There are 4 protein chains.
Amino acid sequence: MTNSLFKQHWHDAAVVDIWSERATIQCWFDVEAALAKAQAELGMIPTKAAAVIAEKANAAEVDLERLVQDIGFALHPFVPALRQLEEICGEEAAAFLHWGATTQNIFDTATSLQLQRSDTLLRQRLERLLAKLAEIADAHRTTVQAGRTHGQHALPISFGLKIAAWIAELRRHMDRLRALEERVFIVRMGGAAGTYAAMDGHGRAIQARVAKLLGLHDGGLPMRSSADHFAEYVCVLAQFAATSEKIAQNISFLQRTEIGEAFEGHHDGKIGSSTMPQKRNPARGMIVITMARLLRLRAPAALDAMVQMDEADGAISGVCEAVVPEAAIMAVSIAMQLELLFAGLQIDAGAMRENIDKSRGLIMTEAAMMRLAPKMGRDHAHRLLYDVAMAAFEQRQPLLDALKSRHDIDGVIDIEATGDPSTYLGESADCVDAEVHATRTAAK
Amino acid sequence: MTNSLFKQHWHDAAVVDIWSERATIQCWFDVEAALAKAQAELGMIPTKAAAVIAEKANAAEVDLERLVQDIGFALHPFVPALRQLEEICGEEAAAFLHWGATTQNIFDTATSLQLQRSDTLLRQRLERLLAKLAEIADAHRTTVQAGRTHGQHALPISFGLKIAAWIAELRRHMDRLRALEERVFIVRMGGAAGTYAAMDGHGRAIQARVAKLLGLHDGGLPMRSSADHFAEYVCVLAQFAATSEKIAQNISFLQRTEIGEAFEGHHDGKIGSSTMPQKRNPARGMIVITMARLLRLRAPAALDAMVQMDEADGAISGVCEAVVPEAAIMAVSIAMQLELLFAGLQIDAGAMRENIDKSRGLIMTEAAMMRLAPKMGRDHAHRLLYDVAMAAFEQRQPLLDALKSRHDIDGVIDIEATGDPSTYLGESADCVDAEVHATRTAAK
Amino acid sequence: MTNSLFKQHWHDAAVVDIWSERATIQCWFDVEAALAKAQAELGMIPTKAAAVIAEKANAAEVDLERLVQDIGFALHPFVPALRQLEEICGEEAAAFLHWGATTQNIFDTATSLQLQRSDTLLRQRLERLLAKLAEIADAHRTTVQAGRTHGQHALPISFGLKIAAWIAELRRHMDRLRALEERVFIVRMGGAAGTYAAMDGHGRAIQARVAKLLGLHDGGLPMRSSADHFAEYVCVLAQFAATSEKIAQNISFLQRTEIGEAFEGHHDGKIGSSTMPQKRNPARGMIVITMARLLRLRAPAALDAMVQMDEADGAISGVCEAVVPEAAIMAVSIAMQLELLFAGLQIDAGAMRENIDKSRGLIMTEAAMMRLAPKMGRDHAHRLLYDVAMAAFEQRQPLLDALKSRHDIDGVIDIEATGDPSTYLGESADCVDAEVHATRTAAK
Amino acid sequence: MTNSLFKQHWHDAAVVDIWSERATIQCWFDVEAALAKAQAELGMIPTKAAAVIAEKANAAEVDLERLVQDIGFALHPFVPALRQLEEICGEEAAAFLHWGATTQNIFDTATSLQLQRSDTLLRQRLERLLAKLAEIADAHRTTVQAGRTHGQHALPISFGLKIAAWIAELRRHMDRLRALEERVFIVRMGGAAGTYAAMDGHGRAIQARVAKLLGLHDGGLPMRSSADHFAEYVCVLAQFAATSEKIAQNISFLQRTEIGEAFEGHHDGKIGSSTMPQKRNPARGMIVITMARLLRLRAPAALDAMVQMDEADGAISGVCEAVVPEAAIMAVSIAMQLELLFAGLQIDAGAMRENIDKSRGLIMTEAAMMRLAPKMGRDHAHRLLYDVAMAAFEQRQPLLDALKSRHDIDGVIDIEATGDPSTYLGESADCVDAEVHATRTAAK
């Protein structure tokens, strides 16, 4: 899907590049070069060989067509690339290539490199998105909107609060991403069975050094059948995707014809339907929702792929190899689409205020209850207002009228005071301020 | 994944072609042409326009690069292609293109066409695979092998029986595929809301006629938010994938170093490891397992995508658009890999016979119990042999010796007769014969 | 979850009973009795023993507490129950109990019995639900409602059409359920490795006879590691769950405060919130959605459980044992909740008509386009109306006014005729009639 | 499933208790009492009322049968319990119960309490499990075993290394559990829409205070539709489950009849089969695998449940309410079963050594290659040994013999030195030591 021409505009081109075949091969080569350098430093291989490898290990030199055919013939995913690298480096250096390593050491470390780069893009986009959301939340810290639960008007909120809750959730994802770096962006150079058997006793030192050279972390005991780091990362991306899907779904709901409280940007030439010229669809939101669902289904796959037999099981780790890049590409692309969505978002505060009246004041029932509570107990106030509100609903009577018609309420509390939803926003603005402040402080 | 150059050899090229961008556009155009033809027949549009469309609707004429850019600008997946088709057909015919239809009518019908073609490939491969499996099962209808449950030797089976059980399961998938044709390979031409509003009263007739023209089935009430047909198909493919994964996992197990009962084909140049020259991996099996898992994770996604709001929800149906082609490609490719696997399979009946002795005769404990049962009751026989077998296991004593050392068994039954596992295959051969016969009969 | 006291009202008591521990044990005993009867008929065991077993095999006699403890000690799920059954039947008959069978033969056949009973309940409920939906669809075959796609007003539909589409989907599920009976409600009596080794050559005959006696189907080659029948059933239930979730989600949407087109029944004492006395939530819909999602997640688990090693793998089939009963209970309970939901549903046709005006006539843009199309070509009409509609949207101008202000439209078509959405329902009523007719015919 | 009598022995009784209905109600009441206490401290409600609530809020007083019926009638999950609590507390205190809170505030906070307690049990079990694993790893730091990749002998490892890799993975899960405490075990008291509207300006202070009183963390912006904390926790449990499944699957493999390297404990009366008296199954391992898979399928459900509309959506959060307790119960129970499994594990180092010879020395091919590499280059050594090893495999020739027969190898390297796998364990023992040390240090 991430390769489909029809969906090219869905994806962040930079993250697609990170995971292209050519860039992947370059990462393989970079890992081989770092391994050679570390081994030369420790005297395991000639310094000159390492230098030649570092200089020549250029993926641009690879004959892709031949590579594809050779992989199909050898039924091995890496040896054909290694053969080409040997040729590129020349006989002398080739002798010391891939010394003591196994394919998965190279592949997994390359994936770590690519993941780290994707992750950087993701966080940059998230920071920009958070800044934009903070701006909107701040501007609407007291913009009154119907708070809805289970689809029904519940209490008034500020539109800023809705946004601030998304900020809070996205910021937690940033925390999660920060917390996993050392566990996820790692190097393992333990050879075929994780014993460093072919590293002449220098294995752990080599692994640490390669990590340093590549800007990654030492992965500890290098057992190939341990894939918890990939599962952890994909699970956190899936959590981010779920939040993104929620945001997009909520915005799309606000754009519904009957709601009309917010709208995605429109430009001349943006088309909603091949047969209904009037359609203005929440196009970005739809892209986000689709991609978020596609990303999320990678989470159970990555969890499955942790369950490997013995010291390695390529049938199972192969699933990870497929889903990790896709998840990374979709995560950054989702963030990009959310940026575009909010960059163009039009907000209609007037519609928000109008919609709130559609419950004929019933949205203020709790406010009335809490005024009655000190007089008769919260429990009795709830029972009393239940009767009042149910009747008002049935008869389509405004709440204020219903309250006034009850002698056990009228006079007991100031009924008019429950008429204005803007007086019952609680600590909405404070909550917004806290999130906006935290976002801006973190950005500094 | 299905587009990755590194995995090109995993995939059946014919099914990849069916779902290529160019072939997809051709299917869109074929549906438009069929629609125009049906409408011309009913007098809704000029016959000449339909004829021009039929003649000119050639995807090879489409400028793909421009299309990709236009889709990104319009944020609509089809109108840019329609615009090019209009240009290709010329002003006069263009006036009558896409009459009364909506994008999803075209897309879903095109998908049906592609699915039907994929399905044909799948069944052809399955038939060949079944023929090969029947050949193997037949040849090994009485080849003795350890039957294993929960990883422990249970009872003797014939290797043919193991294969026959796979045949039975695959044949049930064939039945499932046959049973869903009318529900899945369908045409819906109801327009934007499924009302045929722009069809001038001919909607149902047009839909039926388009189905006929395309060799598909009439989809009935054409509500766009009904996606049960896609979910059904993906679920059946997922069931096929699970069977395939089971087969591959079992063969890979038989190839394990300690078991050595069956081996994938090997050729000079097939490589198992970049660092361990001796490795012979179950390479085809690994490909099957990985793809089967990747296919299976599409099932919950397709089920999710059935839950759509209102008369259509592109955010949700977009998930289907992504996973259905991937599932179809992987299903055919899995079948291809299984064909290749069994074409090269080497079977070591001697190793099967040797392995059976690794339980020191304990695999015949039930046989002994069933001989004792008529004498003392099955319940008592079970208790008695439990004691005997547990002690024999602890002391690594052969079952025959253990039986002989018990005066309450020796003489009561003919102990030697429980020594030969080939005498306790039950109806294995009959079961094999039944499946082989059914397979060959179906193929005629 | 299906056992939670807090959720007791969610579940159909009859289906919960079918899967209770006591009822499960009874099914195990019924299978043992049928096996004994079949074996006596073929002379494998004494007729008297079979008669005693048939008479005594009563789960009410089982000491549940002791059973639970014995299972924990033996770490075997069935032998402790078998021991109690032996005691209940007495020494003489006990000798011939469980002759030639293995635990899973008994368990899986018992599950088939329970599934078949659940399935009967499910279909009874579905038939009642379909009858009710047909009644509603019929009554609203021309009730005008906004058709919505991607959350935006698209075209007018009739409310009956929306219902009829659900009928069509549910009827397809009925077809699917019918189509799988022979594959799913089956008996397998092949013993531990599927060879019928302990059946003295009568295995296939016994299996066929047990099936007959229990009203089930012959499962063919009785390999224990074949679980495609369970996966198939759960997948179809998951498809039904997805449709149910869609229906519930759509009704809940219609009940939203701003929409108000339909409402779940209310009774005095039904409470929406502990703090907001006015809340009327779509309570049944919420139950349906939650259960449907819980059911759906059983589908990938059941598919996973098809992938078993060797001749049986209890670690994997154990997943099936857990999820199949839960799926069956939830399916019937979902159907019950939908029945309750529709039994109380209140429909507000007036609100439907009012809401349609919220797009200020834009919902009729396609109607205008199709009138212009014969004059200028559909392609040009689309472009022209795109400009008109986009401008009208921005300026909040009614479509009719916008059309009238264009000299290239006014006079070209009869603009007023595009003002009434009830004239643009297409074949909605015919589609409703077809589904209602089909439902009523099937019920006869 | 977690309630099934048949599976009672699968589960840790203590964690089942934590999530029992009675204990759940007690947690609800404890949260109400803490809320009242915090509000009394801030002068929002009378101190006496808070004291009475604290004293009387005892779940043992609740009439469960009545509660169940009332919930079914009110179709509300909490108000009936609140009504009983009001009665228990008496008129005066009842007036101030549930002040300013909404049901979900109580439920989610109660769940946090229960999760925190489950989590404590989980970590206690994990610590004991780690100590046991460290003991085994230490004892077998140089016990030679075949390292297997893709099912084929790869390189020698020590059995301790295999265990140490599990330790490393489990320790990372401990890190993950520690890292999420502040985000997951939280209090949110924001009322119905997360605004603290009924908290009289003290909302944020109350929330912080309730957290303190209950030993939980302040949940920040209290939006009810934020469920990332539950998803995060379930995802980490799913990762732990995957590791557990891997461990159990590996041990079960080592117990296979043909391998016989390790065995679960056996006791007289532990039964493997109702028909095969000799069966010794990996019973604990099977329980772990089944439960781990059942746990893992909760992860996508919890991720799904993050996607909520508006300020709350009970249809979606209901899924969380169902799966979170199940996941917590299964996690602790899995840990318990692993403890039991390793407590009884029998290890056969002799069998490990014997099995290694089944590849006829080929497991040492890399060792030979790395000795040749300095003489001819790693690339040439790989090619040369590929030819040697492939031929040796085909002819079933021992590697040493094959090497000796090559004049370009014999004499070039010391062939005999490649005959002893115990000389090629690399840094296995060092890696074991590091994990054992880390485990023991952490435990102090």
# chains A, B, ... in the order shown; residues from 1 in each chain; ligands from 1

call {"tool": "select_by_dssp", "arguments": {"residues": "region 258-384 of chain C", "states": "strand (DSSP E)", "output": "NGL selection string"}}
result
:C and (262-263 or 346-347)

call {"tool": "write_last_selection", "arguments": {"atoms": "C-alpha atoms", "output": "PDB file, in the first residue's frame"}}
result
ATOM      1  CA  ALA C 262     -34.691   7.802  15.810  1.00  0.00           C
ATOM      2  CA  PHE C 263     -34.595   6.872  19.474  1.00  0.00           C
ATOM      3  CA  GLN C 346     -39.151   5.425  17.955  1.00  0.00           C
ATOM      4  CA  ILE C 347     -38.808   7.036  14.544  1.00  0.00           C
TER       5      ILE C 347
END

call {"tool": "closest_residue", "arguments": {"among": "C:Ala14, C:Met352, C:Met223, C:Val323", "to": "chain D", "atoms": "only C-alpha atoms"}}
result
C:Val323

call {"tool": "interface_residues", "arguments": {"of": "chain B", "to": "chain A", "cutoff": "7 Å", "atoms": "only C-alpha atoms", "output": "ChimeraX atom specification"}}
result
/B:1,3,5-6,9,68,72-76,79,101-103,269-272,274-275,283,286-287,289-290,294,297,301,314-316,318-319,322

call {"tool": "atom_distance", "arguments": {"atom1": "CA of Met44 (chain D)", "atom2": "CA of Met370 (chain A)"}}
result
11.9 Å

call {"tool": "select_by_dssp", "arguments": {"residues": "region 116-243 of chain A", "states": "alpha helix (DSSP H)", "output": "JSON, numbers by chain"}}
result
{"A": [116, 117, 118, 119, 120, 121, 122, 123, 124, 125, 126, 127, 128, 129, 130, 131, 132, 133, 134, 135, 136, 137, 138, 139, 159, 160, 161, 162, 163, 164, 165, 166, 167, 168, 169, 170, 171, 172, 173, 174, 175, 176, 177, 178, 179, 180, 181, 182, 183, 184, 203, 204, 205, 206, 207, 208, 209, 210, 211, 212, 213, 214, 228, 229, 230, 231, 232, 233, 234, 235, 236, 237, 238, 239, 240, 241, 242, 243]}

call {"tool": "residues_around", "arguments": {"residues": "Gly201 (chain B)", "least_positions_apart": "5", "cutoff": "8 Å", "atoms": "only C-alpha atoms", "output": "list in words"}}
result
Tyr196 of chain B; Gly426 and Glu427 of chain C

call {"tool": "atom_distance", "arguments": {"atom1": "CA of Thr149 (chain D)", "atom2": "CA of Asp310 (chain A)"}}
result
6.4 Å

call {"tool": "atom_distance", "arguments": {"atom1": "CA of Gly344 (chain B)", "atom2": "CA of Glu264 (chain B)"}}
result
5.9 Å
